[in-house]
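Just structure-v4.cif here, mmCIF, C-alpha atoms:
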data_model
loop_
_atom_site.label_atom_id
_atom_site.label_comp_id
_atom_site.auth_asym_id
_atom_site.auth_seq_id
_atom_site.Cartn_x
_atom_site.Cartn_y
_atom_site.Cartn_z
CA MET A 1 80.05 117.30 108.91
CA THR A 2 77.32 114.72 109.05
CA ALA A 3 74.06 114.48 107.12
CA TYR A 4 72.18 114.03 110.40
CA GLU A 5 71.71 115.54 113.82
CA PRO A 6 72.39 113.23 116.76
CA ILE A 7 69.64 113.23 119.38
CA TYR A 8 70.55 112.77 123.04
CA PRO A 9 67.49 112.54 125.27
CA THR A 10 69.47 113.54 128.36
CA PRO A 11 72.87 115.11 128.96
CA GLY A 12 75.74 112.78 129.66
CA TRP A 13 75.74 110.41 126.74
CA PRO A 14 79.25 108.92 126.96
CA ASP A 15 81.71 110.04 124.30
CA LYS A 16 83.02 106.48 124.14
CA MET A 17 79.78 105.24 122.61
CA THR A 18 80.10 104.62 118.88
CA PHE A 19 76.44 105.17 118.08
CA SER A 20 73.83 107.82 118.84
CA PRO A 21 70.58 106.99 120.66
CA ALA A 22 68.81 108.46 117.63
CA VAL A 23 69.57 110.67 114.66
CA ARG A 24 67.40 113.14 112.79
CA ALA A 25 67.84 112.87 109.03
CA GLY A 26 65.58 115.06 106.96
CA GLU A 27 62.01 114.34 107.95
CA PHE A 28 62.89 111.01 109.57
CA LEU A 29 64.21 110.04 112.98
CA TYR A 30 66.13 106.78 113.26
CA ILE A 31 66.08 105.37 116.79
CA SER A 32 68.82 102.86 117.62
CA GLY A 33 67.93 99.42 118.88
CA MET A 34 67.11 99.89 122.56
CA THR A 35 67.02 97.54 125.51
CA ALA A 36 65.28 98.24 128.82
CA ILE A 37 67.67 100.15 131.03
CA ASP A 38 67.50 102.55 133.94
CA ASP A 39 69.32 105.86 134.41
CA ASN A 40 72.46 103.97 135.39
CA HIS A 41 72.33 101.96 132.16
CA GLU A 42 71.43 98.80 134.11
CA ILE A 43 68.86 96.37 132.72
CA VAL A 44 65.45 96.53 134.37
CA GLY A 45 62.49 94.16 134.20
CA PHE A 46 64.50 90.99 134.75
CA GLY A 47 62.67 88.02 133.32
CA ASP A 48 59.65 90.16 132.38
CA ILE A 49 59.55 90.82 128.65
CA ALA A 50 56.38 92.92 128.85
CA GLU A 51 57.93 95.24 131.42
CA GLN A 52 61.10 95.47 129.36
CA THR A 53 59.01 96.39 126.33
CA ARG A 54 57.20 99.05 128.38
CA GLN A 55 60.49 100.47 129.58
CA ILE A 56 61.89 100.62 126.04
CA PHE A 57 58.89 102.60 124.82
CA ARG A 58 59.18 104.86 127.88
CA GLN A 59 62.81 105.52 126.92
CA MET A 60 61.72 106.53 123.43
CA GLY A 61 59.52 109.27 124.91
CA PRO A 62 62.26 111.83 125.70
CA ILE A 63 63.95 111.09 122.36
CA LEU A 64 60.73 111.88 120.52
CA GLU A 65 60.09 114.95 122.68
CA ALA A 66 63.58 116.25 121.89
CA VAL A 67 62.49 116.69 118.29
CA GLY A 68 58.98 117.90 119.07
CA ALA A 69 57.39 114.54 118.32
CA GLY A 70 55.46 111.82 120.14
CA TYR A 71 54.48 108.17 119.82
CA GLY A 72 52.15 109.02 116.93
CA ASN A 73 55.22 109.87 114.87
CA ILE A 74 56.63 106.33 115.02
CA VAL A 75 56.02 104.72 111.65
CA GLU A 76 57.83 101.43 112.07
CA THR A 77 59.23 99.25 114.80
CA THR A 78 61.45 96.18 114.57
CA ASP A 79 61.37 93.86 117.58
CA TYR A 80 64.15 91.39 118.24
CA PHE A 81 62.96 88.79 120.74
CA LEU A 82 65.18 86.49 122.77
CA THR A 83 62.13 84.43 123.70
CA LEU A 84 58.53 84.34 122.58
CA ASP A 85 57.33 83.68 126.15
CA GLY A 86 55.23 86.70 126.92
CA TYR A 87 54.92 87.75 123.29
CA ARG A 88 51.20 88.54 123.56
CA GLU A 89 51.82 90.81 126.51
CA THR A 90 54.31 92.82 124.47
CA ALA A 91 51.53 93.45 121.95
CA ASP A 92 49.38 94.74 124.79
CA VAL A 93 52.12 97.18 125.71
CA ARG A 94 51.91 98.63 122.21
CA ARG A 95 48.28 99.53 122.95
CA GLU A 96 49.36 101.57 125.97
CA PHE A 97 51.72 103.73 123.97
CA PHE A 98 50.22 103.91 120.49
CA GLN A 99 46.54 103.91 121.51
CA GLY A 100 45.51 102.78 118.04
CA PRO A 101 44.22 101.99 115.61
CA PRO A 102 46.02 103.13 113.66
CA TYR A 103 49.30 101.52 114.61
CA PRO A 104 52.79 101.70 113.12
CA ALA A 105 54.12 98.98 110.86
CA ALA A 106 55.95 96.27 112.78
CA THR A 107 58.29 93.38 112.31
CA GLY A 108 59.27 90.89 114.99
CA VAL A 109 61.69 87.98 114.91
CA LEU A 110 63.36 85.65 117.36
CA VAL A 111 67.13 86.17 117.43
CA ALA A 112 69.92 83.94 118.67
CA GLY A 113 71.07 86.50 121.17
CA LEU A 114 71.12 90.13 122.23
CA ILE A 115 74.30 92.01 122.97
CA ARG A 116 73.07 93.26 126.32
CA LYS A 117 73.08 90.59 129.04
CA ASP A 118 69.65 89.91 130.60
CA ALA A 119 67.84 91.79 127.84
CA LEU A 120 64.85 89.80 126.55
CA ILE A 121 63.89 92.19 123.78
CA GLU A 122 65.47 94.95 121.73
CA ILE A 123 63.43 97.40 119.66
CA LYS A 124 64.51 99.81 116.94
CA ALA A 125 62.19 102.37 115.39
CA VAL A 126 61.79 104.90 112.62
CA ALA A 127 59.70 108.03 113.18
CA ARG A 128 58.48 110.64 110.75
CA LEU A 129 58.66 114.27 111.79
CA ASP A 130 56.63 117.20 110.46
CA GLY A 131 53.79 114.73 110.19
CA MET B 1 46.93 112.19 115.11
CA THR B 2 49.66 110.13 113.55
CA ALA B 3 52.44 111.15 111.20
CA TYR B 4 51.46 108.32 108.85
CA GLU B 5 48.51 106.84 107.03
CA PRO B 6 47.81 103.16 107.74
CA ILE B 7 47.34 101.06 104.61
CA TYR B 8 44.91 98.14 104.70
CA PRO B 9 44.96 96.12 101.48
CA THR B 10 41.50 94.69 102.11
CA PRO B 11 38.64 95.58 104.46
CA GLY B 12 38.44 93.67 107.70
CA TRP B 13 41.83 94.20 109.28
CA PRO B 14 41.13 93.26 112.92
CA ASP B 15 41.05 96.12 115.40
CA LYS B 16 42.84 93.91 117.90
CA MET B 17 46.02 93.95 115.80
CA THR B 18 48.66 96.27 117.23
CA PHE B 19 50.38 96.99 113.94
CA SER B 20 49.33 98.05 110.46
CA PRO B 21 50.09 95.93 107.38
CA ALA B 22 51.85 99.01 106.02
CA VAL B 23 52.00 102.73 106.64
CA ARG B 24 52.56 105.63 104.27
CA ALA B 25 54.94 108.22 105.70
CA GLY B 26 55.84 111.06 103.41
CA GLU B 27 57.20 109.61 100.20
CA PHE B 28 57.93 106.23 101.78
CA LEU B 29 55.79 103.17 102.47
CA TYR B 30 56.86 100.88 105.29
CA ILE B 31 55.53 97.33 104.88
CA SER B 32 55.41 95.21 108.05
CA GLY B 33 57.20 91.87 108.15
CA MET B 34 54.91 89.45 106.33
CA THR B 35 54.58 85.70 106.36
CA ALA B 36 52.75 83.65 103.71
CA ILE B 37 49.09 83.52 104.63
CA ASP B 38 45.78 83.03 102.89
CA ASP B 39 42.59 85.07 103.23
CA ASN B 40 41.83 83.28 106.50
CA HIS B 41 45.21 84.25 107.90
CA GLU B 42 46.38 80.63 107.73
CA ILE B 43 49.92 79.79 106.64
CA VAL B 44 50.25 78.45 103.10
CA GLY B 45 53.13 76.76 101.33
CA PHE B 46 53.95 74.35 104.14
CA GLY B 47 57.56 73.24 103.92
CA ASP B 48 58.09 75.16 100.66
CA ILE B 49 60.07 78.31 101.26
CA ALA B 50 59.98 79.39 97.60
CA GLU B 51 56.19 79.20 97.54
CA GLN B 52 55.99 81.09 100.83
CA THR B 53 58.23 83.78 99.36
CA ARG B 54 56.02 83.96 96.27
CA GLN B 55 52.92 84.29 98.42
CA ILE B 56 54.46 87.07 100.51
CA PHE B 57 55.27 89.09 97.40
CA ARG B 58 51.76 88.42 96.10
CA GLN B 59 50.39 89.84 99.36
CA MET B 60 52.43 92.98 98.88
CA GLY B 61 50.70 93.61 95.54
CA PRO B 62 47.40 94.98 96.91
CA ILE B 63 49.25 97.03 99.52
CA LEU B 64 51.32 98.69 96.82
CA GLU B 65 48.25 99.15 94.60
CA ALA B 66 46.42 100.85 97.45
CA VAL B 67 48.91 103.71 97.22
CA GLY B 68 49.15 103.71 93.44
CA ALA B 69 52.45 101.87 93.39
CA GLY B 70 53.86 98.55 92.18
CA TYR B 71 56.82 96.23 92.68
CA GLY B 72 59.12 98.75 90.99
CA ASN B 73 58.57 101.02 93.97
CA ILE B 74 60.13 98.62 96.46
CA VAL B 75 63.56 99.94 97.33
CA GLU B 76 64.62 97.52 100.04
CA THR B 77 63.66 94.14 101.40
CA THR B 78 64.81 92.37 104.55
CA ASP B 79 64.40 88.60 104.56
CA TYR B 80 64.36 86.63 107.79
CA PHE B 81 64.95 82.95 107.03
CA LEU B 82 64.17 80.07 109.34
CA THR B 83 66.20 77.76 107.12
CA LEU B 84 68.54 78.27 104.21
CA ASP B 85 67.20 75.14 102.47
CA GLY B 86 65.68 76.48 99.28
CA TYR B 87 67.45 79.80 99.54
CA ARG B 88 68.38 79.90 95.85
CA GLU B 89 64.78 79.34 94.85
CA THR B 90 63.72 82.37 96.88
CA ALA B 91 66.13 84.44 94.79
CA ASP B 92 64.42 83.09 91.66
CA VAL B 93 61.09 84.28 93.03
CA ARG B 94 62.49 87.80 93.19
CA ARG B 95 63.02 87.62 89.41
CA GLU B 96 59.31 86.88 88.91
CA PHE B 97 58.19 89.98 90.76
CA PHE B 98 60.94 92.53 90.20
CA GLN B 99 61.89 91.53 86.64
CA GLY B 100 65.25 93.24 86.99
CA PRO B 101 67.85 94.35 86.71
CA PRO B 102 67.60 96.69 88.40
CA TYR B 103 66.62 95.13 91.70
CA PRO B 104 65.94 96.59 95.15
CA ALA B 105 68.56 96.48 97.87
CA ALA B 106 68.26 93.36 100.02
CA THR B 107 69.41 91.91 103.29
CA GLY B 108 68.86 88.32 104.40
CA VAL B 109 69.73 86.57 107.63
CA LEU B 110 68.93 83.31 109.36
CA VAL B 111 66.93 83.88 112.55
CA ALA B 112 66.37 81.62 115.55
CA GLY B 113 62.62 81.63 115.05
CA LEU B 114 59.61 83.35 113.53
CA ILE B 115 56.57 84.31 115.53
CA ARG B 116 54.18 82.65 113.13
CA LYS B 117 54.14 78.84 113.43
CA ASP B 118 55.06 77.00 110.19
CA ALA B 119 56.40 80.17 108.58
CA LEU B 120 59.77 79.54 106.93
CA ILE B 121 60.43 83.12 105.89
CA GLU B 122 59.30 86.60 106.83
CA ILE B 123 59.93 89.63 104.64
CA LYS B 124 59.67 93.33 105.41
CA ALA B 125 60.01 96.03 102.78
CA VAL B 126 60.35 99.75 102.21
CA ALA B 127 58.90 101.33 99.08
CA ARG B 128 59.32 104.80 97.66
CA LEU B 129 56.26 106.51 96.25
CA ASP B 130 56.15 109.33 93.69
CA GLY B 131 59.20 107.74 92.16
CA MET C 1 60.50 101.86 85.61
CA THR C 2 61.65 101.79 89.19
CA ALA C 3 61.30 104.39 91.92
CA TYR C 4 65.03 104.11 92.65
CA GLU C 5 68.41 104.22 90.97
CA PRO C 6 70.61 101.15 91.50
CA ILE C 7 74.15 101.97 92.59
CA TYR C 8 77.01 99.75 91.44
CA PRO C 9 80.32 100.76 93.01
CA THR C 10 82.32 99.08 90.24
CA PRO C 11 81.49 97.76 86.77
CA GLY C 12 80.71 94.09 86.45
CA TRP C 13 77.91 93.52 88.93
CA PRO C 14 76.50 90.18 87.75
CA ASP C 15 73.13 90.32 86.02
CA LYS C 16 72.18 87.11 87.82
CA MET C 17 72.11 88.89 91.17
CA THR C 18 68.57 89.61 92.35
CA PHE C 19 69.47 92.62 94.47
CA SER C 20 71.47 95.80 94.01
CA PRO C 21 74.45 96.66 96.22
CA ALA C 22 72.60 99.87 97.03
CA VAL C 23 69.77 101.97 95.68
CA ARG C 24 69.19 105.70 95.73
CA ALA C 25 65.60 106.59 96.57
CA GLY C 26 64.85 110.27 96.95
CA GLU C 27 67.24 111.70 99.49
CA PHE C 28 68.09 108.30 100.97
CA LEU C 29 70.51 105.58 99.98
CA TYR C 30 69.71 102.02 101.06
CA ILE C 31 72.81 99.82 101.24
CA SER C 32 72.19 96.06 101.10
CA GLY C 33 73.48 93.83 103.88
CA MET C 34 77.18 93.36 103.15
CA THR C 35 79.72 90.76 104.18
CA ALA C 36 83.50 91.18 103.95
CA ILE C 37 84.58 90.16 100.47
CA ASP C 38 87.44 90.85 98.10
CA ASP C 39 87.30 91.78 94.40
CA ASN C 40 86.67 88.13 93.54
CA HIS C 41 83.70 88.01 95.91
CA GLU C 42 85.61 85.73 98.29
CA ILE C 43 85.31 86.21 102.03
CA VAL C 44 88.28 87.92 103.70
CA GLY C 45 89.24 88.25 107.35
CA PHE C 46 88.65 84.61 108.26
CA GLY C 47 87.95 84.28 111.95
CA ASP C 48 88.57 87.98 112.55
CA ILE C 49 85.30 89.84 113.06
CA ALA C 50 86.98 93.22 113.50
CA GLU C 51 88.80 92.88 110.18
CA GLN C 52 85.57 91.76 108.50
CA THR C 53 83.83 94.82 109.91
CA ARG C 54 86.63 97.05 108.62
CA GLN C 55 86.41 95.48 105.18
CA ILE C 56 82.62 95.95 105.06
CA PHE C 57 82.94 99.65 105.85
CA ARG C 58 85.72 99.91 103.25
CA GLN C 59 83.34 98.40 100.69
CA MET C 60 80.74 101.02 101.52
CA GLY C 61 83.20 103.77 100.57
CA PRO C 62 82.91 103.47 96.75
CA ILE C 63 79.14 103.08 97.04
CA LEU C 64 78.92 106.34 98.97
CA GLU C 65 81.35 108.05 96.60
CA ALA C 66 79.24 107.00 93.62
CA VAL C 67 76.49 109.30 94.90
CA GLY C 68 78.78 112.07 96.07
CA ALA C 69 78.57 111.06 99.71
CA GLY C 70 80.83 109.80 102.46
CA TYR C 71 80.73 108.06 105.83
CA GLY C 72 79.20 111.16 107.43
CA ASN C 73 76.09 110.50 105.36
CA ILE C 74 75.37 107.15 107.02
CA VAL C 75 72.49 107.65 109.42
CA GLU C 76 71.85 104.11 110.55
CA THR C 77 73.55 100.74 110.56
CA THR C 78 72.18 97.32 111.45
CA ASP C 79 74.75 94.71 112.42
CA TYR C 80 73.98 91.02 112.30
CA PHE C 81 76.56 89.13 114.34
CA LEU C 82 77.26 85.41 114.09
CA THR C 83 79.27 85.61 117.29
CA LEU C 84 79.80 88.25 119.96
CA ASP C 85 83.48 87.31 120.31
CA GLY C 86 85.31 90.43 119.24
CA TYR C 87 82.25 92.64 119.59
CA ARG C 88 84.14 95.45 121.32
CA GLU C 89 86.69 95.53 118.53
CA THR C 90 83.92 96.05 115.98
CA ALA C 91 82.91 99.17 117.92
CA ASP C 92 86.49 100.40 117.65
CA VAL C 93 86.30 99.97 113.88
CA ARG C 94 83.34 102.36 113.83
CA ARG C 95 85.62 105.03 115.31
CA GLU C 96 88.03 104.64 112.39
CA PHE C 97 85.35 105.32 109.80
CA PHE C 98 82.89 107.65 111.51
CA GLN C 99 85.38 109.64 113.60
CA GLY C 100 82.62 110.76 115.90
CA PRO C 101 80.95 111.90 117.93
CA PRO C 102 78.49 112.25 116.44
CA TYR C 103 77.83 108.70 115.30
CA PRO C 104 74.98 107.13 113.30
CA ALA C 105 72.18 105.25 115.00
CA ALA C 106 72.95 101.54 115.33
CA THR C 107 71.30 98.25 116.07
CA GLY C 108 73.11 94.95 116.59
CA VAL C 109 71.80 91.47 117.20
CA LEU C 110 73.13 87.94 117.22
CA VAL C 111 71.61 85.87 114.41
CA ALA C 112 71.36 82.11 113.95
CA GLY C 113 73.29 82.22 110.72
CA LEU C 114 74.46 84.28 107.78
CA ILE C 115 73.90 83.27 104.19
CA ARG C 116 77.52 83.70 103.24
CA LYS C 117 79.78 80.90 104.50
CA ASP C 118 82.61 82.08 106.80
CA ALA C 119 81.04 85.49 107.26
CA LEU C 120 81.05 86.52 110.93
CA ILE C 121 79.14 89.76 110.50
CA GLU C 122 76.79 91.35 107.98
CA ILE C 123 75.98 95.07 108.02
CA LYS C 124 73.23 96.99 106.27
CA ALA C 125 73.03 100.77 106.26
CA VAL C 126 70.88 103.75 105.35
CA ALA C 127 72.50 107.01 104.27
CA ARG C 128 71.02 110.43 103.75
CA LEU C 129 72.13 112.42 100.73
CA ASP C 130 71.98 116.19 100.23
CA GLY C 131 72.78 116.50 103.91
#
Could you write out this file's structure as structure tokens?
Amino acid sequence: MTAYEPIYPTPGWPDKMTFSPAVRAGEFLYISGMTAIDDNHEIVGFGDIAEQTRQIFRQMGPILEAVGAGYGNIVETTDYFLTLDGYRETADVRREFFQGPPYPAATGVLVAGLIRKDALIEIKAVARLDG
Amino acid sequence: MTAYEPIYPTPGWPDKMTFSPAVRAGEFLYISGMTAIDDNHEIVGFGDIAEQTRQIFRQMGPILEAVGAGYGNIVETTDYFLTLDGYRETADVRREFFQGPPYPAATGVLVAGLIRKDALIEIKAVARLDG
Amino acid sequence: MTAYEPIYPTPGWPDKMTFSPAVRAGEFLYISGMTAIDDNHEIVGFGDIAEQTRQIFRQMGPILEAVGAGYGNIVETTDYFLTLDGYRETADVRREFFQGPPYPAATGVLVAGLIRKDALIEIKAVARLDG
């Protein structure tokens, strides 16, 4: 018994994974740190941090939809950058999805590395449901 | 329609920004990662990580006040350090603002870089309202 | 007056500390970033990131118990790695404690350094109570 409901945007999430893409916990949805991948779990947007950012937010769409929510439910994002080249373009991508103001809270830092090879950015998020 | 209320501590938050300084979401307030800046958005406390930490907590004051809260509402901070020189002094600054025990939960790590030039530390926080 | 209740898994948490091991805030428990330490606050599992991960999750046990919760209440973890050597083994350690699926949400990044000397990994967590 867990205090949360795991959210799988599509069927076929591998049982060997030791985390859920997202979990619903009370009125909040915790989305795991995501990198830009395609349906085969391969990195897309090589060398293009803005496109990787766009793809990550696209991937959040079905997760949010699975709980009856949308981008307006995201209250906070944390961005882990491997490089700050292209940083301003990643901010522009936020406009496409959040269409603010208002915008969610955000934190962004440069890390020493990301677990996924060829990933330039990883983003985690918290959403509020029933909003 | 968003599931949160953006919190602007002072008038004049630029529309071009793609994040809010903080957002209220249910009983929680998510404060974006902050660096030490003055009213003109220029970094202060050059080379002095304790003073930058103090300034960041000062900046959180009006955000908390805007929702009828104070430092005792902060439940968690995450500190991103560019250097660990002066680390102990940043802990002393926490005493000034939180006047504990008790103290909030805290996490601190050394990052490879901060987005804001000359920033030595960035701090994000979560507060609980109606506490 | 604080909007949270500090949680001390054992008596004797030093008053000089400027953070709590964890705090209960409404239906959520925020656990501070933890490194692998023994009862004397000395690092254990030198050079063995999997053992350090195991020890960190062990340390979370009494914190969860103190609020009537268990590992199934953890909704999100954030792992800060000093090295990715042994990364896969840290995922195996999650199986031991969470016994999923389902699993919590998770985020992991490589940082430039950890505050605690000889620590190879630091983990913070959020748990939901009353689940």
Problem - Nearest to chain A, chosen from B:Val44, B:Met34, B:Ile56, B:Ile74, with all atoms listed in the file counted in the distances - result: B:Met34
Practice task
Tell me the residues of chain C close to chain A, meaning within 12 Å using all atoms listed in the file, as a VMD selection string.
Solution key: chain C and resid 26 to 29 69 to 114 125 to 131
Output chain B, superimposed onto chain A using in-order Cα pairs, as a compact mmCIF listing (two decimals) with C-alpha atoms, keeping the file's coordinate frame:
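Result went into result_6.txt, see below:
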# COMPACT_ATOMS: atom_id res chain seq x y z
CA MET B 1 80.04 117.31 108.91
CA THR B 2 77.31 114.73 109.06
CA ALA B 3 74.07 114.49 107.13
CA TYR B 4 72.18 114.03 110.40
CA GLU B 5 71.71 115.56 113.81
CA PRO B 6 72.40 113.24 116.76
CA ILE B 7 69.64 113.23 119.37
CA TYR B 8 70.56 112.76 123.03
CA PRO B 9 67.50 112.51 125.27
CA THR B 10 69.46 113.52 128.36
CA PRO B 11 72.87 115.11 128.95
CA GLY B 12 75.73 112.77 129.67
CA TRP B 13 75.73 110.40 126.73
CA PRO B 14 79.24 108.90 126.95
CA ASP B 15 81.71 110.01 124.30
CA LYS B 16 83.03 106.47 124.15
CA MET B 17 79.77 105.22 122.61
CA THR B 18 80.09 104.60 118.88
CA PHE B 19 76.43 105.18 118.08
CA SER B 20 73.83 107.82 118.84
CA PRO B 21 70.58 106.99 120.67
CA ALA B 22 68.82 108.45 117.64
CA VAL B 23 69.57 110.67 114.68
CA ARG B 24 67.40 113.14 112.80
CA ALA B 25 67.84 112.87 109.04
CA GLY B 26 65.59 115.05 106.96
CA GLU B 27 62.02 114.35 107.95
CA PHE B 28 62.89 111.01 109.56
CA LEU B 29 64.22 110.05 112.98
CA TYR B 30 66.13 106.79 113.26
CA ILE B 31 66.09 105.37 116.80
CA SER B 32 68.84 102.87 117.63
CA GLY B 33 67.93 99.41 118.90
CA MET B 34 67.11 99.88 122.58
CA THR B 35 67.02 97.52 125.51
CA ALA B 36 65.28 98.25 128.84
CA ILE B 37 67.67 100.16 131.04
CA ASP B 38 67.50 102.57 133.94
CA ASP B 39 69.32 105.87 134.40
CA ASN B 40 72.47 103.96 135.38
CA HIS B 41 72.34 101.96 132.16
CA GLU B 42 71.43 98.81 134.10
CA ILE B 43 68.86 96.37 132.72
CA VAL B 44 65.44 96.52 134.37
CA GLY B 45 62.49 94.16 134.21
CA PHE B 46 64.50 90.99 134.74
CA GLY B 47 62.67 88.01 133.30
CA ASP B 48 59.64 90.15 132.38
CA ILE B 49 59.54 90.82 128.67
CA ALA B 50 56.37 92.92 128.85
CA GLU B 51 57.93 95.23 131.42
CA GLN B 52 61.11 95.47 129.35
CA THR B 53 59.01 96.40 126.33
CA ARG B 54 57.20 99.04 128.38
CA GLN B 55 60.49 100.47 129.58
CA ILE B 56 61.90 100.63 126.05
CA PHE B 57 58.89 102.61 124.83
CA ARG B 58 59.19 104.86 127.89
CA GLN B 59 62.81 105.53 126.91
CA MET B 60 61.72 106.54 123.44
CA GLY B 61 59.51 109.27 124.92
CA PRO B 62 62.26 111.82 125.68
CA ILE B 63 63.95 111.10 122.36
CA LEU B 64 60.75 111.87 120.50
CA GLU B 65 60.10 114.94 122.68
CA ALA B 66 63.58 116.25 121.90
CA VAL B 67 62.50 116.69 118.28
CA GLY B 68 58.99 117.89 119.07
CA ALA B 69 57.40 114.55 118.32
CA GLY B 70 55.47 111.82 120.14
CA TYR B 71 54.48 108.17 119.82
CA GLY B 72 52.14 109.03 116.93
CA ASN B 73 55.22 109.86 114.89
CA ILE B 74 56.62 106.33 115.02
CA VAL B 75 56.02 104.73 111.66
CA GLU B 76 57.83 101.43 112.07
CA THR B 77 59.23 99.26 114.81
CA THR B 78 61.44 96.19 114.58
CA ASP B 79 61.37 93.88 117.59
CA TYR B 80 64.15 91.40 118.24
CA PHE B 81 62.96 88.79 120.74
CA LEU B 82 65.17 86.50 122.76
CA THR B 83 62.14 84.43 123.70
CA LEU B 84 58.54 84.32 122.56
CA ASP B 85 57.34 83.67 126.13
CA GLY B 86 55.22 86.70 126.92
CA TYR B 87 54.92 87.74 123.30
CA ARG B 88 51.21 88.54 123.56
CA GLU B 89 51.82 90.81 126.51
CA THR B 90 54.31 92.82 124.47
CA ALA B 91 51.54 93.44 121.95
CA ASP B 92 49.37 94.74 124.80
CA VAL B 93 52.12 97.18 125.72
CA ARG B 94 51.90 98.63 122.22
CA ARG B 95 48.26 99.52 122.95
CA GLU B 96 49.36 101.57 125.98
CA PHE B 97 51.72 103.73 123.98
CA PHE B 98 50.21 103.91 120.50
CA GLN B 99 46.53 103.90 121.51
CA GLY B 100 45.52 102.80 118.04
CA PRO B 101 44.22 101.99 115.64
CA PRO B 102 46.01 103.14 113.67
CA TYR B 103 49.30 101.52 114.61
CA PRO B 104 52.80 101.71 113.12
CA ALA B 105 54.11 98.99 110.85
CA ALA B 106 55.95 96.28 112.78
CA THR B 107 58.30 93.39 112.29
CA GLY B 108 59.28 90.90 114.98
CA VAL B 109 61.69 87.99 114.90
CA LEU B 110 63.36 85.66 117.36
CA VAL B 111 67.13 86.18 117.42
CA ALA B 112 69.92 83.92 118.68
CA GLY B 113 71.08 86.50 121.19
CA LEU B 114 71.13 90.14 122.23
CA ILE B 115 74.31 92.02 122.97
CA ARG B 116 73.07 93.27 126.31
CA LYS B 117 73.09 90.60 129.03
CA ASP B 118 69.65 89.92 130.59
CA ALA B 119 67.84 91.80 127.83
CA LEU B 120 64.86 89.81 126.55
CA ILE B 121 63.89 92.20 123.78
CA GLU B 122 65.47 94.96 121.73
CA ILE B 123 63.44 97.40 119.67
CA LYS B 124 64.50 99.81 116.94
CA ALA B 125 62.18 102.38 115.41
CA VAL B 126 61.78 104.90 112.63
CA ALA B 127 59.70 108.02 113.18
CA ARG B 128 58.48 110.63 110.74
CA LEU B 129 58.65 114.25 111.79
CA ASP B 130 56.59 117.16 110.45
CA GLY B 131 53.79 114.68 110.04
Practice task
Return as a list in words the set of residues that the PyMOL selection byres ((chain C and resi 52) around 10) yields on the displayed structure.
Solution key: Thr35, Ala36, Ile37, Ile43, Val44, Gly45, Phe46, Gly47, Asp48, Ile49, Ala50, Glu51, Thr53, Arg54, Gln55, Ile56, Phe57, Arg58, Thr90, Val93, Ala119, Leu120, Ile121 and Glu122 of chain C
Practice task
Point out the residue among B:Tyr8, B:Asp38, B:Asp118, B:Trp13 with the least atom-to-atom distance to B:Glu65, counting only C-alpha atoms.
Solution key: B:Tyr8
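The space separating atom CA of C:Thr10 from atom CA of C:Pro62 comes to 7.9 Å.
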Practice task
Can you work out the spacing between atom CA of B:Asn40 and atom CA of B:Met60 in Å, to one decimal?
Solution key: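 Value for the atom CA of B:Asn40-atom CA of B:Met60 distance: 16.3 Å.
The gap separating atom CA of B:Asp39 from atom CA of B:Gly12 is 10.5 Å, in Å to one decimal.
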